[in-house]
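Student: Before I ask anything, let me first share the structure, which is written out below as structure tokens.
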Amino acid sequence: MEEVFRSGTLNMSASPFEGLAAEPLWSDLTINRILAVAAVALVLFRMLDLLRLLPQLLYSYNRIRGAEALEHSLGTARLRNLVALSFTLPFCLVLDRYAVLRPAFWEAIPPEWSAPATIGLVAAYILLRTLIHAIIHPRRMGSEVVLTLRHNLYNYLPLLVALMLLLTAIAMAFRLDDTLVRTLQRVLIAAVWGFATLRSGQILIAHGAGFSTFLYLCGLEILPAALLVAVVVFF
């Protein structure tokens, strides 16, 4: 009876499945580590500037004229643009880490190129939005109001990124499921974008856009966002 068990043969593979062994963690990729260090450095470098801008940003959140007042000061507007630019990299990394924006063709992209591809996708959206704002000029509005509309989204990006990073820290501390975190990040982005779009509509109405407000919003804000969503959903 003992001889039967001694002569047994192991038919199961002694090595892990190839797909499971080959899939690296996001934080294990060298390029992601380098980008994460760069993102932290940018945030820390601009933290004092963000604190200096905080009163003007909060005023733009509470009052329609706040965004125009911020744009009226060239130095403050330039600083706001630099802070928003610096916070774009951590924004992209959070998007990539939790696959918030993940088109179907992403499967053909090697894991080490996923984060750079996400950065490129966000850059394409910003360039498209800037181009549309340069082409569409609301009638009877001065150049300062046009610039206010073009840069209005930048007033909300630093706050959005700060909330996304806080959510990421909570998710890492409590080991929350990626699917849950992805959903929460999407809800957060949609809420902030919706508020920024509403504020743009209020600026348009305040300057006499009237019934054209919806058309302007469709062209200036909804169209580039819709194209981005279309790429993610259908491609």
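Going through the structure tokens in order, the chains are called A, B, and so on, while each chain numbers its residues from 1 and the ligands are numbered from 1 in the order shown.
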For region 23-135 of chain A against region 222-233 of chain A, with a cut-off of 7 Å and counting only C-alpha atoms, what is the closest atom pair and its distance in Å to one decimal for every residue that makes the cut, ordered by chain and number, as a Markdown table?
Tutor:
```
| residue | atom | partner | partner_atom | distance |
| --- | --- | --- | --- | --- |
| A:Leu101 | CA | A:Val232 | CA | 6.4 |
| A:Arg102 | CA | A:Val232 | CA | 6.0 |
| A:Pro103 | CA | A:Val232 | CA | 4.1 |
| A:Tyr125 | CA | A:Pro224 | CA | 6.6 |
| A:Leu128 | CA | A:Pro224 | CA | 6.5 |
| A:Arg129 | CA | A:Pro224 | CA | 5.7 |
```
Student: Show which residues sit within 12 Å of region 147-152 of chain A, as a tab-separated table (two decimals) with N, CA and C atoms, in the first residue's frame. Count only C-alpha atoms, and ignore same-chain residues fewer than 5 positions away.
Tutor:
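What ended up in selection23.tsv:
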```
chain	number	residue	atom	x	y	z
A	57	LEU	N	-8.43	81.77	-5.23
A	57	LEU	CA	-9.13	80.59	-5.75
A	57	LEU	C	-10.45	80.38	-5.03
A	60	SER	N	-12.96	82.77	-6.29
A	60	SER	CA	-13.50	82.38	-7.60
A	60	SER	C	-14.49	81.23	-7.46
A	61	TYR	N	-14.36	80.40	-6.41
A	61	TYR	CA	-15.33	79.34	-6.18
A	61	TYR	C	-16.66	79.90	-5.69
A	64	ILE	N	-18.89	84.68	-8.99
A	64	ILE	CA	-18.61	84.68	-10.42
A	64	ILE	C	-17.49	85.66	-10.74
A	65	ARG	N	-17.51	86.83	-10.08
A	65	ARG	CA	-16.51	87.85	-10.35
A	65	ARG	C	-15.12	87.47	-9.85
A	66	GLY	N	-15.06	86.43	-9.00
A	66	GLY	CA	-13.77	86.02	-8.48
A	66	GLY	C	-12.83	85.54	-9.57
A	67	ALA	N	-13.36	84.78	-10.52
A	67	ALA	CA	-12.53	84.29	-11.63
A	67	ALA	C	-12.04	85.44	-12.49
A	68	GLU	N	-12.91	86.44	-12.72
A	68	GLU	CA	-12.51	87.59	-13.51
A	68	GLU	C	-11.48	88.43	-12.78
A	69	ALA	N	-11.64	88.59	-11.47
A	69	ALA	CA	-10.67	89.35	-10.68
A	69	ALA	C	-9.31	88.67	-10.70
A	70	LEU	N	-9.30	87.35	-10.64
A	70	LEU	CA	-8.05	86.61	-10.69
A	70	LEU	C	-7.37	86.80	-12.05
A	71	GLU	N	-8.17	86.76	-13.11
A	71	GLU	CA	-7.63	86.91	-14.46
A	71	GLU	C	-7.15	88.33	-14.71
A	72	HIS	N	-7.74	89.28	-14.03
A	72	HIS	CA	-7.38	90.69	-14.24
A	72	HIS	C	-5.95	90.97	-13.79
A	73	SER	N	-5.49	90.24	-12.77
A	73	SER	CA	-4.11	90.39	-12.30
A	73	SER	C	-3.21	89.46	-13.11
A	74	LEU	N	-2.37	90.03	-13.97
A	74	LEU	CA	-1.54	89.21	-14.85
A	74	LEU	C	-0.59	88.31	-14.07
A	77	ALA	N	-2.67	85.49	-12.44
A	77	ALA	CA	-3.12	84.55	-13.47
A	77	ALA	C	-1.98	83.67	-13.96
A	78	ARG	N	-0.79	84.27	-14.15
A	78	ARG	CA	0.37	83.50	-14.59
A	78	ARG	C	0.77	82.48	-13.53
A	80	ARG	N	-1.23	81.16	-11.30
A	80	ARG	CA	-2.29	80.13	-11.32
A	80	ARG	C	-2.04	79.12	-12.43
A	81	ASN	N	-1.65	79.59	-13.60
A	81	ASN	CA	-1.38	78.70	-14.73
A	81	ASN	C	-0.21	77.77	-14.42
A	82	LEU	N	0.84	78.29	-13.78
A	82	LEU	CA	2.00	77.47	-13.44
A	82	LEU	C	1.64	76.41	-12.40
A	84	ALA	N	-1.38	75.12	-11.91
A	84	ALA	CA	-2.22	74.13	-12.60
A	84	ALA	C	-1.37	73.20	-13.46
A	85	LEU	N	-0.37	73.75	-14.15
A	85	LEU	CA	0.52	72.93	-14.98
A	85	LEU	C	1.30	71.94	-14.12
A	126	ILE	N	-6.13	68.91	-23.44
A	126	ILE	CA	-5.85	70.32	-23.13
A	126	ILE	C	-5.59	71.12	-24.40
A	127	LEU	N	-4.83	70.53	-25.33
A	127	LEU	CA	-4.54	71.22	-26.59
A	127	LEU	C	-5.81	71.42	-27.41
A	128	LEU	N	-6.67	70.39	-27.45
A	128	LEU	CA	-7.93	70.50	-28.18
A	128	LEU	C	-8.82	71.58	-27.58
A	129	ARG	N	-8.91	71.59	-26.25
A	129	ARG	CA	-9.73	72.61	-25.57
A	129	ARG	C	-9.17	74.00	-25.83
A	130	THR	N	-7.85	74.15	-25.79
A	130	THR	CA	-7.23	75.45	-26.05
A	130	THR	C	-7.49	75.90	-27.48
A	131	LEU	N	-7.41	74.96	-28.42
A	131	LEU	CA	-7.65	75.29	-29.82
A	131	LEU	C	-9.09	75.72	-30.04
A	132	ILE	N	-10.04	75.01	-29.43
A	132	ILE	CA	-11.45	75.38	-29.58
A	132	ILE	C	-11.72	76.75	-28.98
A	133	HIS	N	-11.12	77.04	-27.83
A	133	HIS	CA	-11.29	78.35	-27.21
A	133	HIS	C	-10.68	79.45	-28.06
A	134	ALA	N	-9.60	79.12	-28.80
A	134	ALA	CA	-8.98	80.12	-29.67
A	134	ALA	C	-9.83	80.39	-30.91
A	135	ILE	N	-10.62	79.40	-31.34
A	135	ILE	CA	-11.44	79.55	-32.55
A	135	ILE	C	-12.78	80.20	-32.23
A	136	ILE	N	-13.40	79.77	-31.14
A	136	ILE	CA	-14.74	80.27	-30.78
A	136	ILE	C	-14.60	81.50	-29.89
A	137	HIS	N	-15.11	82.61	-30.32
A	137	HIS	CA	-15.06	83.85	-29.53
A	137	HIS	C	-16.49	84.31	-29.25
A	138	PRO	N	-16.95	84.23	-28.01
A	138	PRO	CA	-18.29	84.74	-27.69
A	138	PRO	C	-18.41	86.21	-28.08
A	141	MET	N	-17.92	90.25	-25.99
A	141	MET	CA	-17.17	90.00	-24.77
A	141	MET	C	-15.72	90.43	-24.97
A	142	GLY	N	-15.18	91.12	-23.99
A	142	GLY	CA	-13.81	91.57	-24.06
A	142	GLY	C	-12.82	90.42	-23.97
A	157	LEU	N	-8.44	72.86	-11.00
A	157	LEU	CA	-7.55	71.70	-11.13
A	157	LEU	C	-6.71	71.45	-9.88
A	158	PRO	N	-6.07	72.46	-9.28
A	158	PRO	CA	-5.27	72.18	-8.07
A	158	PRO	C	-6.09	71.58	-6.93
A	192	VAL	N	-16.29	68.07	-10.13
A	192	VAL	CA	-15.51	69.30	-10.26
A	192	VAL	C	-15.64	69.87	-11.66
A	193	TRP	N	-15.58	69.02	-12.68
A	193	TRP	CA	-15.75	69.50	-14.06
A	193	TRP	C	-17.13	70.11	-14.25
A	195	PHE	N	-19.03	71.52	-11.98
A	195	PHE	CA	-19.09	72.82	-11.30
A	195	PHE	C	-18.36	73.88	-12.11
A	196	ALA	N	-17.19	73.53	-12.67
A	196	ALA	CA	-16.44	74.49	-13.49
A	196	ALA	C	-17.23	74.88	-14.73
A	197	THR	N	-17.91	73.93	-15.34
A	197	THR	CA	-18.72	74.22	-16.52
A	197	THR	C	-19.90	75.11	-16.16
A	198	LEU	N	-20.52	74.83	-15.01
A	198	LEU	CA	-21.61	75.69	-14.53
A	198	LEU	C	-21.13	77.11	-14.31
A	199	ARG	N	-19.94	77.26	-13.73
A	199	ARG	CA	-19.39	78.59	-13.51
A	199	ARG	C	-19.11	79.30	-14.83
A	200	SER	N	-18.65	78.58	-15.84
A	200	SER	CA	-18.44	79.17	-17.16
A	200	SER	C	-19.76	79.66	-17.75
A	201	GLY	N	-20.81	78.87	-17.55
A	201	GLY	CA	-22.12	79.29	-18.02
A	201	GLY	C	-22.60	80.54	-17.31
A	202	GLN	N	-22.36	80.64	-16.02
A	202	GLN	CA	-22.75	81.83	-15.28
A	202	GLN	C	-21.98	83.07	-15.76
A	203	ILE	N	-20.70	82.89	-16.10
A	203	ILE	CA	-19.91	84.01	-16.63
A	203	ILE	C	-20.47	84.46	-17.97
A	204	LEU	N	-20.84	83.49	-18.80
A	204	LEU	CA	-21.42	83.83	-20.11
A	204	LEU	C	-22.72	84.60	-19.94
A	205	ILE	N	-23.58	84.14	-19.05
A	205	ILE	CA	-24.86	84.81	-18.83
A	205	ILE	C	-24.64	86.22	-18.27
A	207	HIS	N	-22.38	88.20	-18.87
A	207	HIS	CA	-21.86	89.12	-19.89
A	207	HIS	C	-22.72	89.11	-21.15
A	216	TYR	N	-22.46	78.05	-26.62
A	216	TYR	CA	-21.07	78.33	-26.29
A	216	TYR	C	-20.50	77.24	-25.39
A	217	LEU	N	-21.29	76.82	-24.40
A	217	LEU	CA	-20.81	75.78	-23.49
A	217	LEU	C	-20.58	74.47	-24.23
A	219	GLY	N	-19.67	74.14	-27.31
A	219	GLY	CA	-18.46	74.25	-28.10
A	219	GLY	C	-17.20	74.35	-27.26
A	220	LEU	N	-17.27	75.14	-26.17
A	220	LEU	CA	-16.07	75.43	-25.40
A	220	LEU	C	-15.72	74.34	-24.39
A	221	GLU	N	-16.71	73.73	-23.77
A	221	GLU	CA	-16.43	72.79	-22.68
A	221	GLU	C	-16.92	71.37	-22.96
```
Student: May I ask which of the residues A:Ser27, A:Gln185, A:Thr213, A:Gln56 is the closest one to Leu165 (chain A), counting only C-alpha atoms?
Tutor: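 Using only C-alpha atoms, Leu165 (chain A) sits closest to A:Gln185.
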Student: Please measure the separation of CA of Val100 (chain A) and CA of Ala41 (chain A), giving the value in Å to one decimal.
Tutor: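 Calculated distance between CA of Val100 (chain A) and CA of Ala41 (chain A) is 23.2 Å.
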Student: With a distance cut-off of 9 Å and only C-alpha atoms, select the neighbouring residues of region 31-35 of chain A, excluding the residue or stretch itself and same-chain residues fewer than 4 positions from it, and output the selection as a list in words.
Tutor: Trp26, Ser27, Ala39, Val40, Leu89, Pro90, Leu93, Glu112, Trp113, Ala115 and Pro116 of chain A
Student: Here is a test: counting only C-alpha atoms, which residue of A:Val83, A:Ala123, A:Val37, A:Leu180 is nearest to Tyr98 (chain A)?
Tutor: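 Among the listed residues, the smallest separation from Tyr98 (chain A) belongs to A:Leu180.
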Student: So that I can check the surroundings of Leu167 (chain A), please list as a list of chain:residue names every protein, DNA and RNA residue that reaches within 12 Å of it, counting only C-alpha atoms and ignoring chain neighbours fewer than 6 positions away.
Tutor: A:Val94, A:Tyr98, A:Leu160, A:Val161, A:Ala173, A:Phe174, A:Arg175, A:Leu176, A:Asp178, A:Leu180, A:Val181, A:Arg182, A:Thr183, A:Leu184, A:Gln185, A:Arg186, A:Val187, A:Leu188
Student: Please identify which residues in region 102-202 of chain A DSSP calls alpha helix (DSSP H) from the backbone, and express them as a PyMOL selection string.
Tutor: chain A and resi 114-135+143-151+157-174+178-202
